Amino acid sequence: MYLCFMQIKYSFIVPVYNRPQEIDELLASMQVMKFNAPYEIVIIEDGSTETSENIIAKYEHDLKINYYKKPNTGPGDSRNYGMRKAQGNYFIILDSDVILPTNYLQEVDLFLHKRYVHCFGGPDDAHASFSNLQKAISYSMTSYLTTGGIRGRKSVVNKFQPRSFNMGLSKEAFNASKGFGNIHPGEDPDLTIRLWKLGYETALIPEAKVFHKRRISWDKFFIQVNKFGLVRPILNKWHPETAKLTYWFPALFLGYIVGSFISLFLGIWQFIAMLLLYFGVIFLGATFKYKSVSIGFQSIIAVGIQFYGYGKGFLTSYFYVHLLKRVPQEQFKKLFFSN
């Protein structure tokens, strides 16, 4: 039985910065999406020098697209800009590097009519067309064997921190919260926590999956996860009630690796054996999932980069923000946009 009787009008909010090819792939997936009611797509060009204007022209006859250009102020502010311009009463926020399954909006709509929440998130996965490297990174970020598993586990359905690559937000909740802040990354958990403080619920919609390309090189992946590590102690400083021991796991894992090698030199091999067993399980899990030995080996690299990058960033930020009491906006200027 449906518990929501309001008419939900959806507006997709997609900021983009110099990635017209990604917009092309996203709009192509929306073109074949199965949904009976009309919806709107709001694309915000965030100061791009390589715009998506010609790409969008290809789809204007099939999709309702509102396209805006603005100076570069970051993805959070661009999403806020798009939500202020949008005509719907429920916003679905996507990154430009995702592809939607044909049933995506059907699953969102079904869930919200059964159990309306003002903010939701959905999981992500790798599409069959993605490169082996992208699949390996996706496995590292989403597997239950790594910290990425929290992004789509059903055990966190009722207390879920949505991520802005696949996130829904009601117009009411946007108006109450004023949307995203100017930190990036980290603007999405910050918004979620502020919504909780305002009394709004969040939820995971497990069936509302997107295919997420993520980074396309090891260097870019390291930069991304390192920034994730940098912002977490800042968020813990702003919202101390949400700090968890699990946020320390990648840093503790680094300590375990160092300790394992020291123990090996002292003739104690059991710790390094456990480490090799763990990476062996990662290899087997990725190999069987994607039926590729190459992806299995690359997944080991991806997990190592993820833990090292995040752990290094976390410890660096914790040292400056929590121990030295530095102001985050001054110590880590590159993590903040000026609106």
# chains A, B, ... in the order shown; residues from 1 in each chain; ligands from 1
>>> closest_atom_pairs(of="region 81-174 of chain A", to="region 276-279 of chain A", cutoff="12 Å", atoms="only C-alpha atoms", output="tab-separated table")
residue	atom	partner	partner_atom	distance
A:Ser140	CA	A:Phe279	CA	11.3
A:Leu145	CA	A:Tyr278	CA	8.6
A:Thr146	CA	A:Tyr278	CA	10.2
>>> write_last_selection(atoms="N, CA and C atoms", output="PDB file, in the first residue's frame")
ATOM      1  N   SER A 140      37.263  -2.080  -5.269  1.00  0.00           N
ATOM      2  CA  SER A 140      37.909  -1.610  -4.048  1.00  0.00           C
ATOM      3  C   SER A 140      36.990  -0.693  -3.244  1.00  0.00           C
ATOM      4  N   LEU A 145      34.784  -6.369   1.553  1.00  0.00           N
ATOM      5  CA  LEU A 145      36.097  -6.663   2.107  1.00  0.00           C
ATOM      6  C   LEU A 145      36.914  -5.413   2.381  1.00  0.00           C
ATOM      7  N   THR A 146      36.405  -4.257   1.996  1.00  0.00           N
ATOM      8  CA  THR A 146      37.105  -2.999   2.215  1.00  0.00           C
ATOM      9  C   THR A 146      36.168  -2.012   2.900  1.00  0.00           C
TER      10      THR A 146
END
>>> select_by_dssp(residues="region 153-271 of chain A", states="strand (DSSP E)", output="PDB file with C-alpha atoms, in the first residue's frame")
ATOM      1  CA  ASN A 166      23.630   9.196  -6.473  1.00  0.00           C
ATOM      2  CA  MET A 167      21.526  11.160  -4.013  1.00  0.00           C
ATOM      3  CA  GLY A 168      17.958  12.383  -3.648  1.00  0.00           C
ATOM      4  CA  LEU A 169      16.856  15.471  -1.753  1.00  0.00           C
ATOM      5  CA  SER A 170      13.383  16.958  -1.347  1.00  0.00           C
ATOM      6  CA  THR A 202      17.831   9.514   5.224  1.00  0.00           C
ATOM      7  CA  ALA A 203      17.631   6.076   3.671  1.00  0.00           C
ATOM      8  CA  LEU A 204      19.407   3.765   1.275  1.00  0.00           C
ATOM      9  CA  VAL A 210      24.055   3.663 -10.786  1.00  0.00           C
ATOM     10  CA  PHE A 211      27.105   2.680 -12.817  1.00  0.00           C
ATOM     11  CA  HIS A 212      29.899   4.948 -11.618  1.00  0.00           C
TER      12      HIS A 212
END
>>> closest_atom_pairs(of="region 228-272 of chain A", to="region 303-309 of chain A", cutoff="12 Å", atoms="only C-alpha atoms", output="tab-separated table")
residue	atom	partner	partner_atom	distance
A:Phe228	CA	A:Gly309	CA	8.5
A:Gly229	CA	A:Gly309	CA	7.2
A:Leu230	CA	A:Gly309	CA	9.4
A:Tyr247	CA	A:Phe307	CA	11.1
A:Trp248	CA	A:Phe307	CA	10.4
A:Phe249	CA	A:Phe307	CA	8.5
A:Pro250	CA	A:Phe307	CA	4.8
A:Ala251	CA	A:Phe307	CA	7.2
A:Leu252	CA	A:Phe307	CA	9.3
A:Phe253	CA	A:Phe307	CA	7.2
A:Leu254	CA	A:Tyr308	CA	6.6
A:Gly255	CA	A:Tyr308	CA	10.2
A:Tyr256	CA	A:Phe307	CA	11.4
A:Ile257	CA	A:Tyr308	CA	10.2
A:Val258	CA	A:Tyr308	CA	11.6
>>> select_by_dssp(residues="region 10-196 of chain A", states="helix (DSSP H, G or I)", output="PyMOL selection string")
chain A and resi 20-31+53-57+75-85+104-114+132-142+147-151+154-156+171-177+187-196
>>> residues_around(residues="region 232-234 of chain A", least_positions_apart="3", cutoff="9 Å", atoms="only C-alpha atoms", output="PyMOL selection string")
chain A and resi 186+227-229+237-239+243+247+313-315+317-318+321-322+328
>>> closest_atom_pairs(of="region 196-261 of chain A", to="region 108-111 of chain A", cutoff="8 Å", atoms="only C-alpha atoms", output="CSV")
residue,atom,partner,partner_atom,distance
A:Ile205,CA,A:Val108,CA,7.1
A:Glu207,CA,A:Val108,CA,7.9
A:Ala208,CA,A:Val108,CA,6.0
>>> closest_residue(among="A:Asn80, A:Tyr116, A:Met30, A:Lys85", to="Thr102 (chain A)", atoms="only C-alpha atoms")
A:Met30
>>> residues_around(residues="Pro162 (chain A)", least_positions_apart="3", cutoff="12 Å", atoms="only C-alpha atoms", output="ChimeraX atom specification")
/A:92-94,118-124,150-153,156-159,165-169,186-193,195,201-206,208
